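Asker: Provided herewith is a single structure, encoded as structure tokens, for subsequent inquiry.
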Amino acid sequence: MGTKNKLGLFSITMIVVGLVIGMGIFRTSKDAAAAALTPTLFFAAWIVGGFVAICGALTYAEIGSRYPVTGGYYKVFSYAYHPSIAFAINCIILISNAASLSGVALIGSEYITPILVPGNTNDFVQALIAMGAIIIFYGVNLVGLRLSSRAQNILMLVKIAMLMVLIASVFFPSLYNTAPQAVVDMETQRFGAVLLSFGVALKATSFTFGGYQQTINFGEEVENPRRNIPRGIFIGILLIISLYMLVSYSYYKVIGFNELKETNGIAAIIAEKNVWAYGKICFFNTPLYCRTGLCECAVAE
């Protein structure tokens, strides 16, 4: 393969970000908040999850730079241990990736179904939309590396833009939830209960940080892999941590910590409030997006 057909630093960074940032951030904050006793534990779970991700990313960066081969997982485990172990590991990864992909697709369908099929609450329709999305992107990847890379870059930029919309709500204090928030007295909580709360919240955030390890599968496809793979992984993870912390903070300020524990469609609610703040225009006139009553004004002023 010629050098001109290989992935540069920007592409490998976007691949890292794309592998990690999925629909999970639009749901995981709710699960982490539901598990956390206090906002401090909530944000601590995000910070620790990010630190663990950096450690893992640096480990995989070292592996990828020292042994830059396509099919990295199989080749690395086969070289370090035995082909049979490498095959077994790949089988486990295949099953776990399929399960996580299905979960992410279903989360995405919860948001897009009200737009494509307004007023529909049928879980079967959501499942069909999720399966359709998987089939479409599977076909894009089958076409070839260049097309899939370009599609990844474009979709990643769109995804980051969506996150920027959520983060923008932090700069509008009028959108903040000012309702009194009940605070758990930590002095009355047993250490075991606090540790369990933090552990469950960390499990949720760790799920959102996963995916960067797949980058070692692109070893031979990367230009100057010994330099670009470590840099791409490290830059990508730092960008992801920053985005996650800012988005979670926007959820916390706009929705409220206690309300966040029980609210579905958290990203849609914040996006709707942002639309209201920018121009008082409601683009998503559906039951899911209008639960806050902001869609009563659907005409630009």
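Letters A, B, ... go to the chains of the structure tokens in the order shown; residues in each chain start at 1; ligands are counted from 1 in the same order.
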List the spatial neighbours of A:Ile93 as an mmCIF file with C-alpha atoms, in the first residue's frame - criterion: any atom at most 10 Å away, only C-alpha atoms, same-chain residues fewer than 6 positions off excluded.
Answerer:
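result_20.cif written:
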data_model
loop_
_atom_site.group_PDB
_atom_site.id
_atom_site.type_symbol
_atom_site.label_atom_id
_atom_site.label_comp_id
_atom_site.auth_asym_id
_atom_site.auth_seq_id
_atom_site.Cartn_x
_atom_site.Cartn_y
_atom_site.Cartn_z
ATOM 1 C CA TYR A 73 -5.162 -8.174 18.532
ATOM 2 C CA PHE A 87 -8.131 -16.966 18.476
ATOM 3 C CA ALA A 99 -23.187 -6.630 22.328
ATOM 4 C CA GLN A 214 -9.141 -1.213 18.761
#
Asker: Pick out the residues sitting within 9 Å of stretch 176-178 of chain A, and hand them over as a PyMOL selection string; count only C-alpha atoms, and ignore anything fewer than 6 positions along from it in its own chain.
Answerer: chain A and resi 169-170+250+252-256
Asker: Show which residues sit within 12 Å of A:Ile54, as a list of chain:residue names. Count only C-alpha atoms, and ignore same-chain residues fewer than 6 positions away.
Answerer: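 Using only C-alpha atoms, the neighbours found are A:Ile47, A:Val48, A:Tyr60, A:Ala61, A:Ser206, A:Phe209, A:Gly210, A:Tyr212, A:Gln213, A:Pro230, A:Ile233, A:Phe234, A:Ile235, A:Gly236, A:Ile237, A:Leu238, A:Leu239, A:Ile240, A:Ile241.
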Asker: Residues near A:Thr113, anyone? I mean within 8 Å using only C-alpha atoms, not counting same-chain ones fewer than 3 positions away, as a ChimeraX atom specification.
Answerer: /A:109-110,116-118,120,125-126,129
Asker: From the DSSP assignment of the backbone, select every residue of stretch 55-290 of chain A that is helix (DSSP H, G or I), and format the answer as a VMD selection string.
Answerer: chain A and resid 55 to 66 72 to 80 83 to 116 123 to 143 145 to 171 173 to 175 186 to 188 191 to 209 212 to 217 219 to 221 225 to 254 257 to 260 266 to 278
Asker: Between A:Tyr81, A:Tyr244, A:Phe191, A:Tyr249, single out the one closest to A:Thr208, counting only C-alpha atoms.
Answerer: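 Using only C-alpha atoms, A:Thr208 sits closest to A:Tyr244.
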Asker: Neighbouring residues of A:Ser65 were defined as those with any atom within 7 Å, considering only C-alpha atoms; residues of the same chain fewer than 6 positions away were excluded. Please report them as a ChimeraX atom specification.
Answerer: /A:225-226,229-230
Asker: Pick out the residues sitting within 10 Å of A:Asn264, and hand them over as a list in words; count only C-alpha atoms, and ignore anything fewer than 4 positions along from it in its own chain.
Answerer: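 So, after excluding close chain neighbours, the residues are Phe26, Arg27, Lys30, Glu110, Tyr111, Glu259, Leu260, Ala268, Ile269 and Leu288 of chain A.
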Asker: Residues of the last selection are to be written out with N, CA and C atoms, as an mmCIF file, in the first residue's frame.
Answerer:
data_model
loop_
_atom_site.group_PDB
_atom_site.id
_atom_site.type_symbol
_atom_site.label_atom_id
_atom_site.label_comp_id
_atom_site.auth_asym_id
_atom_site.auth_seq_id
_atom_site.Cartn_x
_atom_site.Cartn_y
_atom_site.Cartn_z
ATOM 1 N N PHE A 26 -24.738 10.085 25.777
ATOM 2 C CA PHE A 26 -26.090 10.611 25.835
ATOM 3 C C PHE A 26 -26.978 9.816 26.790
ATOM 4 N N ARG A 27 -26.399 8.819 27.430
ATOM 5 C CA ARG A 27 -27.164 7.999 28.369
ATOM 6 C C ARG A 27 -26.386 7.695 29.648
ATOM 7 N N LYS A 30 -26.712 9.642 33.005
ATOM 8 C CA LYS A 30 -27.879 9.314 33.822
ATOM 9 C C LYS A 30 -27.596 8.106 34.710
ATOM 10 N N GLU A 110 -33.364 5.505 20.309
ATOM 11 C CA GLU A 110 -34.275 6.185 21.230
ATOM 12 C C GLU A 110 -34.400 7.666 20.887
ATOM 13 N N TYR A 111 -33.311 8.251 20.384
ATOM 14 C CA TYR A 111 -33.319 9.661 20.031
ATOM 15 C C TYR A 111 -33.869 9.917 18.634
ATOM 16 N N GLU A 259 -32.645 15.280 39.320
ATOM 17 C CA GLU A 259 -33.490 15.019 38.160
ATOM 18 C C GLU A 259 -32.759 14.171 37.124
ATOM 19 N N LEU A 260 -31.444 14.331 37.040
ATOM 20 C CA LEU A 260 -30.640 13.570 36.086
ATOM 21 C C LEU A 260 -30.736 12.074 36.343
ATOM 22 N N ALA A 268 -31.461 15.369 24.487
ATOM 23 C CA ALA A 268 -32.526 16.033 23.732
ATOM 24 C C ALA A 268 -33.096 17.207 24.523
ATOM 25 N N ILE A 269 -33.232 17.034 25.818
ATOM 26 C CA ILE A 269 -33.784 18.102 26.651
ATOM 27 C C ILE A 269 -32.867 19.320 26.652
ATOM 28 N N LEU A 288 -41.185 13.324 22.754
ATOM 29 C CA LEU A 288 -39.924 13.130 23.461
ATOM 30 C C LEU A 288 -39.233 14.456 23.712
#
